Amino acid sequence: MSQPPPIRNVSDTARWAAIHRAIETERSDALFRDPFARMLAGARGEQILRDMPPTGDWAWPIRTFLFDRTVLGAVKEGFDTVVNLAAGLDARPYRLQLPRDLHWFEVDLPGILAEKEELLRSEKPICQVERVPIDLADSGARQELFVRLGQSARRALILTEGLLMYLETEAVRSLAQNLAAQRSFRRWVLELSSPGLLRLLQRTLGNKLEQAKAPFKFAPPEGPSFFEPAGWKAKEVHSMLKTAAKLRRLDFKMRLLALLPESSGRQGSRPWGGVCVLDRAASPDGPS
């Protein structure tokens, strides 16, 4: 009998991310601590780690580190709401130093949220958490949710960690427009890849992700400027490779690559991955 694929569906990618957070947490020089990560990853996450090619393992903790930093920075600025789209097994509301009155919305498929609810049933979140089980591919349900959250928030931060790369370009454009339609959705942090990195990942991981019907798709050659027509402008662009070099997380070969100049704008054949912080652009009728 053939072995089951390492990644069975898109929700398994949440377990894949969680096991990498667990590994980082257990380092003596950890960039962050997630005491829930190994429990959330479970045996399935450990199996995925064994079966998937070890491609860019340094990138997982760097991505988490950059998202964490953006969340904490936004909270200090007075953001009162976080909307985590495709939240998966993220545990930030349980592990970050957040205000108790911060409203944190976790949006994902019903199955993965129910699993997380059960695993964390004895834990108390630091802030106010609401889990919203919907399929983000359902544009009607998505827009209805965004209107509700947009009306309740004063300044909202949107997170899409580990989501956009699995979407078609038009789906990302539609999501960006839906988010920008809510005046209180002020900031958006996302990860972005160049076409060159997409091709590299497709060569190394493509078959395994295709089996799970979760292939990587989105890597706009425009870079962060892809989002400008939808109403978003880059505030910060952080190369994950450059960040990893500064934090001494690369081997010698990768450190040499990190010395090469990089563009934070239009991206081409060179493999590049970054975390981008976008601010909602000013509306035609005045400041956002």
# chains A, B, ... in the order shown; residues from 1 in each chain; ligands from 1
call {"tool": "closest_atom_pairs", "arguments": {"of": "segment 42-72 of chain A", "to": "segment 230-247 of chain A", "cutoff": "10 Å", "atoms": "only C-alpha atoms", "output": "tab-separated table"}}
result
residue	atom	partner	partner_atom	distance
A:Gly56	CA	A:Leu241	CA	9.8
A:Trp58	CA	A:Ala244	CA	7.4
A:Ala59	CA	A:Met240	CA	6.6
A:Trp60	CA	A:Met240	CA	9.4
A:Pro61	CA	A:Ala244	CA	9.1
A:Ile62	CA	A:Met240	CA	6.4
A:Arg63	CA	A:Met240	CA	6.9
A:Phe65	CA	A:Thr243	CA	9.7
A:Leu66	CA	A:His238	CA	8.0
A:Thr70	CA	A:Glu236	CA	9.8
call {"tool": "write_last_selection", "arguments": {"atoms": "C-alpha atoms", "output": "compact mmCIF listing (two decimals), in the first residue's frame"}}
result
# COMPACT_ATOMS: atom_id res chain seq x y z
CA GLY A 56 14.38 26.85 4.31
CA TRP A 58 15.26 28.94 9.10
CA ALA A 59 12.46 30.91 7.41
CA TRP A 60 9.66 29.61 9.63
CA PRO A 61 10.85 31.20 12.90
CA ILE A 62 11.91 34.38 11.09
CA ARG A 63 8.40 34.80 9.72
CA PHE A 65 9.36 36.71 14.72
CA LEU A 66 8.51 39.44 12.18
CA THR A 70 4.46 43.88 13.99
call {"tool": "residues_around", "arguments": {"residues": "Leu163 of chain A", "least_positions_apart": "6", "cutoff": "9 Å", "atoms": "only C-alpha atoms", "output": "ChimeraX atom specification"}}
result
/A:85-87,190-191
call {"tool": "select_by_dssp", "arguments": {"residues": "segment 16-145 of chain A", "states": "alpha helix (DSSP H)", "output": "PyMOL selection string"}}
result
chain A and resi 16-25+37-51+59-77+92-95+110-119+139-145
call {"tool": "closest_atom_pairs", "arguments": {"of": "segment 170-244 of chain A", "to": "segment 128-150 of chain A", "cutoff": "7 Å", "atoms": "only C-alpha atoms", "output": "tab-separated table"}}
result
residue	atom	partner	partner_atom	distance
A:Asn178	CA	A:Gln143	CA	6.5
A:Gln182	CA	A:Gly150	CA	5.4
A:Ser184	CA	A:Gly150	CA	5.6
A:Phe185	CA	A:Gly150	CA	6.6
call {"tool": "atom_distance", "arguments": {"atom1": "atom CA of Val189 of chain A", "atom2": "atom CA of Thr160 of chain A"}}
result
6.5 Å
call {"tool": "closest_residue", "arguments": {"among": "A:Arg280, A:Ser225, A:Ala156, A:Met165", "to": "Leu209 of chain A", "atoms": "only C-alpha atoms"}}
result
A:Met165
call {"tool": "atom_distance", "arguments": {"atom1": "atom CA of Phe218 of chain A", "atom2": "atom CA of Arg248 of chain A"}}
result
28.7 Å
call {"tool": "closest_residue", "arguments": {"among": "A:Thr169, A:Gln211, A:Asn84, A:Thr64", "to": "Gly274 of chain A", "atoms": "only C-alpha atoms"}}
result
A:Thr64
call {"tool": "select_by_dssp", "arguments": {"residues": "segment 37-257 of chain A", "states": "strand (DSSP E or B)", "output": "mmCIF file with N, CA and C atoms, in the first residue's frame"}}
result
data_model
loop_
_atom_site.group_PDB
_atom_site.id
_atom_site.type_symbol
_atom_site.label_atom_id
_atom_site.label_comp_id
_atom_site.auth_asym_id
_atom_site.auth_seq_id
_atom_site.Cartn_x
_atom_site.Cartn_y
_atom_site.Cartn_z
ATOM 1 N N THR A 81 -7.891 46.111 17.663
ATOM 2 C CA THR A 81 -8.434 44.872 17.100
ATOM 3 C C THR A 81 -7.393 44.202 16.221
ATOM 4 N N VAL A 82 -7.310 42.883 16.304
ATOM 5 C CA VAL A 82 -6.501 42.079 15.386
ATOM 6 C C VAL A 82 -7.428 41.074 14.718
ATOM 7 N N VAL A 83 -7.362 41.002 13.402
ATOM 8 C CA VAL A 83 -8.143 40.032 12.636
ATOM 9 C C VAL A 83 -7.151 39.089 11.970
ATOM 10 N N ASN A 84 -7.097 37.851 12.437
ATOM 11 C CA ASN A 84 -6.144 36.862 11.939
ATOM 12 C C ASN A 84 -6.868 35.942 10.964
ATOM 13 N N LEU A 85 -6.614 36.145 9.674
ATOM 14 C CA LEU A 85 -7.267 35.361 8.638
ATOM 15 C C LEU A 85 -6.457 34.097 8.356
ATOM 16 N N HIS A 103 -9.249 43.116 21.157
ATOM 17 C CA HIS A 103 -10.157 42.148 20.535
ATOM 18 C C HIS A 103 -9.400 41.406 19.430
ATOM 19 N N TRP A 104 -9.356 40.100 19.550
ATOM 20 C CA TRP A 104 -8.606 39.260 18.597
ATOM 21 C C TRP A 104 -9.585 38.273 17.960
ATOM 22 N N PHE A 105 -9.711 38.354 16.630
ATOM 23 C CA PHE A 105 -10.611 37.481 15.890
ATOM 24 C C PHE A 105 -9.789 36.469 15.086
ATOM 25 N N GLU A 106 -10.076 35.192 15.302
ATOM 26 C CA GLU A 106 -9.420 34.120 14.559
ATOM 27 C C GLU A 106 -10.409 33.567 13.534
ATOM 28 N N VAL A 107 -10.047 33.658 12.266
ATOM 29 C CA VAL A 107 -10.930 33.250 11.175
ATOM 30 C C VAL A 107 -10.285 32.096 10.424
ATOM 31 N N ASP A 108 -11.012 30.990 10.305
ATOM 32 C CA ASP A 108 -10.483 29.846 9.553
ATOM 33 C C ASP A 108 -11.603 28.834 9.333
ATOM 34 N N GLN A 128 -9.146 39.369 24.502
ATOM 35 C CA GLN A 128 -10.498 38.905 24.169
ATOM 36 C C GLN A 128 -10.473 38.194 22.819
ATOM 37 N N VAL A 129 -10.763 36.896 22.795
ATOM 38 C CA VAL A 129 -10.651 36.102 21.574
ATOM 39 C C VAL A 129 -12.022 35.626 21.119
ATOM 40 N N GLU A 130 -12.266 35.788 19.822
ATOM 41 C CA GLU A 130 -13.460 35.218 19.197
ATOM 42 C C GLU A 130 -13.031 34.427 17.975
ATOM 43 N N ARG A 131 -13.469 33.182 17.887
ATOM 44 C CA ARG A 131 -13.165 32.346 16.726
ATOM 45 C C ARG A 131 -14.345 32.360 15.766
ATOM 46 N N VAL A 132 -14.047 32.589 14.493
ATOM 47 C CA VAL A 132 -15.083 32.727 13.475
ATOM 48 C C VAL A 132 -14.879 31.655 12.417
ATOM 49 N N PRO A 133 -15.674 30.591 12.432
ATOM 50 C CA PRO A 133 -15.488 29.503 11.463
ATOM 51 C C PRO A 133 -16.187 29.785 10.135
ATOM 52 N N ALA A 156 -7.912 48.446 13.258
ATOM 53 C CA ALA A 156 -7.711 47.000 13.174
ATOM 54 C C ALA A 156 -6.454 46.666 12.379
ATOM 55 N N LEU A 157 -5.740 45.668 12.866
ATOM 56 C CA LEU A 157 -4.590 45.078 12.193
ATOM 57 C C LEU A 157 -5.028 43.749 11.596
ATOM 58 N N ILE A 158 -4.734 43.540 10.325
ATOM 59 C CA ILE A 158 -5.071 42.293 9.640
ATOM 60 C C ILE A 158 -3.815 41.439 9.505
ATOM 61 N N LEU A 159 -3.907 40.172 9.847
ATOM 62 C CA LEU A 159 -2.812 39.225 9.676
ATOM 63 C C LEU A 159 -3.200 38.185 8.632
ATOM 64 N N THR A 160 -2.311 37.944 7.687
ATOM 65 C CA THR A 160 -2.465 36.799 6.774
ATOM 66 C C THR A 160 -1.115 36.096 6.716
ATOM 67 N N PHE A 185 -9.984 49.085 9.061
ATOM 68 C CA PHE A 185 -8.897 48.147 8.781
ATOM 69 C C PHE A 185 -7.707 48.975 8.306
ATOM 70 N N ARG A 186 -6.832 49.322 9.228
ATOM 71 C CA ARG A 186 -5.788 50.309 8.955
ATOM 72 C C ARG A 186 -4.451 49.703 8.523
ATOM 73 N N ARG A 187 -4.146 48.503 8.952
ATOM 74 C CA ARG A 187 -2.827 47.934 8.676
ATOM 75 C C ARG A 187 -2.972 46.447 8.364
ATOM 76 N N TRP A 188 -2.084 45.963 7.515
ATOM 77 C CA TRP A 188 -2.138 44.573 7.061
ATOM 78 C C TRP A 188 -0.706 44.057 7.005
ATOM 79 N N VAL A 189 -0.428 42.969 7.685
ATOM 80 C CA VAL A 189 0.893 42.337 7.607
ATOM 81 C C VAL A 189 0.738 41.003 6.893
ATOM 82 N N LEU A 190 1.596 40.778 5.915
ATOM 83 C CA LEU A 190 1.504 39.596 5.063
ATOM 84 C C LEU A 190 2.901 39.166 4.652
ATOM 85 N N GLU A 191 2.993 37.931 4.191
ATOM 86 C CA GLU A 191 4.258 37.458 3.626
ATOM 87 C C GLU A 191 4.148 37.464 2.116
ATOM 88 N N LEU A 192 5.275 37.643 1.462
ATOM 89 C CA LEU A 192 5.278 37.769 0.015
ATOM 90 C C LEU A 192 6.506 37.061 -0.545
ATOM 91 N N SER A 193 6.331 36.458 -1.711
ATOM 92 C CA SER A 193 7.437 35.761 -2.384
ATOM 93 C C SER A 193 7.595 36.293 -3.795
ATOM 94 N N TRP A 232 -3.697 49.802 -0.664
ATOM 95 C CA TRP A 232 -2.718 49.524 0.381
ATOM 96 C C TRP A 232 -1.333 49.970 -0.078
ATOM 97 N N LYS A 233 -0.587 50.571 0.836
ATOM 98 C CA LYS A 233 0.761 51.041 0.514
ATOM 99 C C LYS A 233 1.754 50.486 1.519
ATOM 100 N N ALA A 234 2.919 50.044 1.031
ATOM 101 C CA ALA A 234 3.923 49.433 1.903
ATOM 102 C C ALA A 234 4.474 50.450 2.901
ATOM 103 N N LYS A 235 4.415 50.095 4.164
ATOM 104 C CA LYS A 235 5.017 50.883 5.241
ATOM 105 C C LYS A 235 6.404 50.342 5.560
ATOM 106 N N GLU A 236 6.526 49.010 5.610
ATOM 107 C CA GLU A 236 7.793 48.338 5.884
ATOM 108 C C GLU A 236 7.863 47.083 5.025
ATOM 109 N N VAL A 237 9.062 46.761 4.559
ATOM 110 C CA VAL A 237 9.307 45.513 3.837
ATOM 111 C C VAL A 237 10.555 44.883 4.443
ATOM 112 N N HIS A 238 10.404 43.687 5.006
ATOM 113 C CA HIS A 238 11.507 43.010 5.682
ATOM 114 C C HIS A 238 11.867 41.732 4.925
ATOM 115 N N SER A 239 13.050 41.709 4.344
ATOM 116 C CA SER A 239 13.560 40.479 3.734
ATOM 117 C C SER A 239 13.780 39.434 4.824
#
call {"tool": "residues_around", "arguments": {"residues": "Val10 of chain A", "least_positions_apart": "4", "cutoff": "12 Å", "atoms": "only C-alpha atoms", "output": "short mmCIF file (atom, residue, chain, number, x, y, z; two decimals) with N, CA and C atoms, in the first residue's frame"}}
result
data_model
loop_
_atom_site.label_atom_id
_atom_site.label_comp_id
_atom_site.auth_asym_id
_atom_site.auth_seq_id
_atom_site.Cartn_x
_atom_site.Cartn_y
_atom_site.Cartn_z
N PRO A 6 2.48 13.50 2.93
CA PRO A 6 2.84 14.16 4.18
C PRO A 6 1.87 15.29 4.54
N ALA A 14 -0.98 24.14 8.92
CA ALA A 14 -0.96 24.77 10.25
C ALA A 14 -0.15 23.92 11.22
N ARG A 15 -0.25 22.60 11.09
CA ARG A 15 0.55 21.70 11.95
C ARG A 15 2.03 21.79 11.58
N TRP A 16 2.30 21.94 10.32
CA TRP A 16 3.66 22.11 9.81
C TRP A 16 4.28 23.37 10.41
N ALA A 17 3.52 24.47 10.42
CA ALA A 17 4.02 25.71 11.02
C ALA A 17 4.20 25.56 12.52
N ALA A 86 -7.15 32.95 8.27
CA ALA A 86 -6.48 31.65 8.18
C ALA A 86 -5.59 31.46 9.40
N GLY A 88 -5.37 29.21 11.66
CA GLY A 88 -4.77 27.91 11.89
C GLY A 88 -4.57 27.62 13.37
N ASP A 108 -11.01 30.99 10.30
CA ASP A 108 -10.48 29.85 9.55
C ASP A 108 -11.60 28.83 9.33
N LEU A 109 -11.24 27.73 8.70
CA LEU A 109 -12.21 26.66 8.45
C LEU A 109 -12.71 26.07 9.77
N GLY A 111 -13.20 23.07 10.90
CA GLY A 111 -12.50 21.92 11.45
C GLY A 111 -11.27 22.27 12.26
N ILE A 112 -10.42 23.12 11.70
CA ILE A 112 -9.17 23.46 12.38
C ILE A 112 -9.45 24.32 13.61
N GLY A 162 0.88 32.77 6.14
CA GLY A 162 0.72 31.45 5.55
C GLY A 162 -0.58 31.28 4.80
N LEU A 163 -1.08 32.34 4.19
CA LEU A 163 -2.34 32.26 3.44
C LEU A 163 -2.19 32.63 1.97
N MET A 165 0.02 32.78 -0.36
CA MET A 165 0.74 31.99 -1.36
C MET A 165 -0.10 30.86 -1.95
N TYR A 166 -1.15 30.45 -1.22
CA TYR A 166 -2.00 29.36 -1.69
C TYR A 166 -3.14 29.86 -2.58
N LEU A 167 -3.24 31.18 -2.78
CA LEU A 167 -4.37 31.75 -3.51
C LEU A 167 -3.97 32.15 -4.93
N LYS A 208 4.35 17.34 -3.38
CA LYS A 208 3.72 17.01 -2.10
C LYS A 208 2.53 17.93 -1.81
N LEU A 209 2.65 19.20 -2.19
CA LEU A 209 1.55 20.13 -1.95
C LEU A 209 0.44 19.94 -2.98
N GLU A 210 0.80 19.54 -4.18
CA GLU A 210 -0.22 19.24 -5.19
C GLU A 210 -1.10 18.08 -4.74
N GLN A 211 -0.48 17.07 -4.12
CA GLN A 211 -1.24 15.93 -3.62
C GLN A 211 -2.27 16.36 -2.59
N ALA A 212 -1.97 17.40 -1.84
CA ALA A 212 -2.89 17.90 -0.82
C ALA A 212 -3.85 18.94 -1.37
N LYS A 213 -3.76 19.20 -2.67
CA LYS A 213 -4.56 20.24 -3.32
C LYS A 213 -4.33 21.59 -2.65
N ALA A 214 -3.07 21.83 -2.29
CA ALA A 214 -2.68 23.09 -1.66
C ALA A 214 -1.39 23.61 -2.28
N PRO A 215 -1.36 23.78 -3.62
CA PRO A 215 -0.12 24.24 -4.25
C PRO A 215 0.14 25.72 -3.99
N PHE A 216 1.41 26.09 -4.04
CA PHE A 216 1.79 27.49 -3.97
C PHE A 216 1.46 28.15 -5.32
#
call {"tool": "residues_around", "arguments": {"residues": "Cys127 of chain A", "least_positions_apart": "3", "cutoff": "9 Å", "atoms": "only C-alpha atoms", "output": "PyMOL selection string"}}
result
chain A and resi 93-94+98-104+124
call {"tool": "closest_residue", "arguments": {"among": "A:Ser11, A:Asp90, A:Arg33, A:Asp57", "to": "Asp251 of chain A", "atoms": "only C-alpha atoms"}}
result
A:Asp57
call {"tool": "atom_distance", "arguments": {"atom1": "atom CA of Asp12 of chain A", "atom2": "atom CA of Asp68 of chain A"}}
result
21.8 Å
call {"tool": "residues_around", "arguments": {"residues": "segment 22-25 of chain A", "least_positions_apart": "3", "cutoff": "9 Å", "atoms": "only C-alpha atoms", "output": "list of chain:residue names"}}
result
A:Ala17, A:Ala18, A:Ile19, A:Ser28, A:Asp29, A:Ala30, A:Leu31, A:Phe32, A:Arg33, A:Asp34, A:Pro35, A:Phe36, A:Ala37, A:Arg38, A:Met39, A:Ala41, A:Trp60, A:Pro61
call {"tool": "closest_residue", "arguments": {"among": "A:Phe79, A:Ile48, A:Gly42, A:Ala281", "to": "Pro4 of chain A", "atoms": "only C-alpha atoms"}}
result
A:Ile48
call {"tool": "residues_around", "arguments": {"residues": "Pro195 of chain A", "least_positions_apart": "3", "cutoff": "12 Å", "atoms": "only C-alpha atoms", "output": "short mmCIF file (atom, residue, chain, number, x, y, z; two decimals) with C-alpha atoms, in the first residue's frame"}}
result
data_model
loop_
_atom_site.label_atom_id
_atom_site.label_comp_id
_atom_site.auth_asym_id
_atom_site.auth_seq_id
_atom_site.Cartn_x
_atom_site.Cartn_y
_atom_site.Cartn_z
CA MET A 165 0.74 31.99 -1.36
CA LEU A 192 5.28 37.77 0.01
CA LEU A 198 7.83 30.44 -6.09
CA ARG A 199 9.51 28.41 -8.84
CA LEU A 200 12.14 27.14 -6.38
CA LEU A 201 9.49 26.04 -3.88
CA GLN A 202 7.41 24.44 -6.61
CA PHE A 216 1.79 27.49 -3.97
CA LYS A 217 0.43 30.00 -6.49
CA PHE A 218 0.81 33.66 -5.57
CA ALA A 219 4.06 35.53 -6.18
CA PRO A 220 3.45 38.88 -7.88
CA PRO A 221 6.34 40.28 -9.93
CA GLU A 222 5.28 43.77 -8.79
CA GLY A 223 6.25 42.94 -5.21
CA ARG A 266 9.57 44.71 -8.18
CA GLN A 267 10.69 41.10 -7.94
CA GLY A 268 11.91 38.76 -10.66
CA SER A 269 13.90 35.56 -11.07
CA ARG A 270 15.93 35.86 -7.87
CA PRO A 271 14.43 33.93 -4.93
CA TRP A 272 13.15 36.49 -2.44
CA GLY A 273 10.74 36.23 0.46
#
call {"tool": "closest_residue", "arguments": {"among": "A:Arg255, A:Arg249, A:Arg183, A:Val75", "to": "Ser152 of chain A", "atoms": "only C-alpha atoms"}}
result
A:Arg183
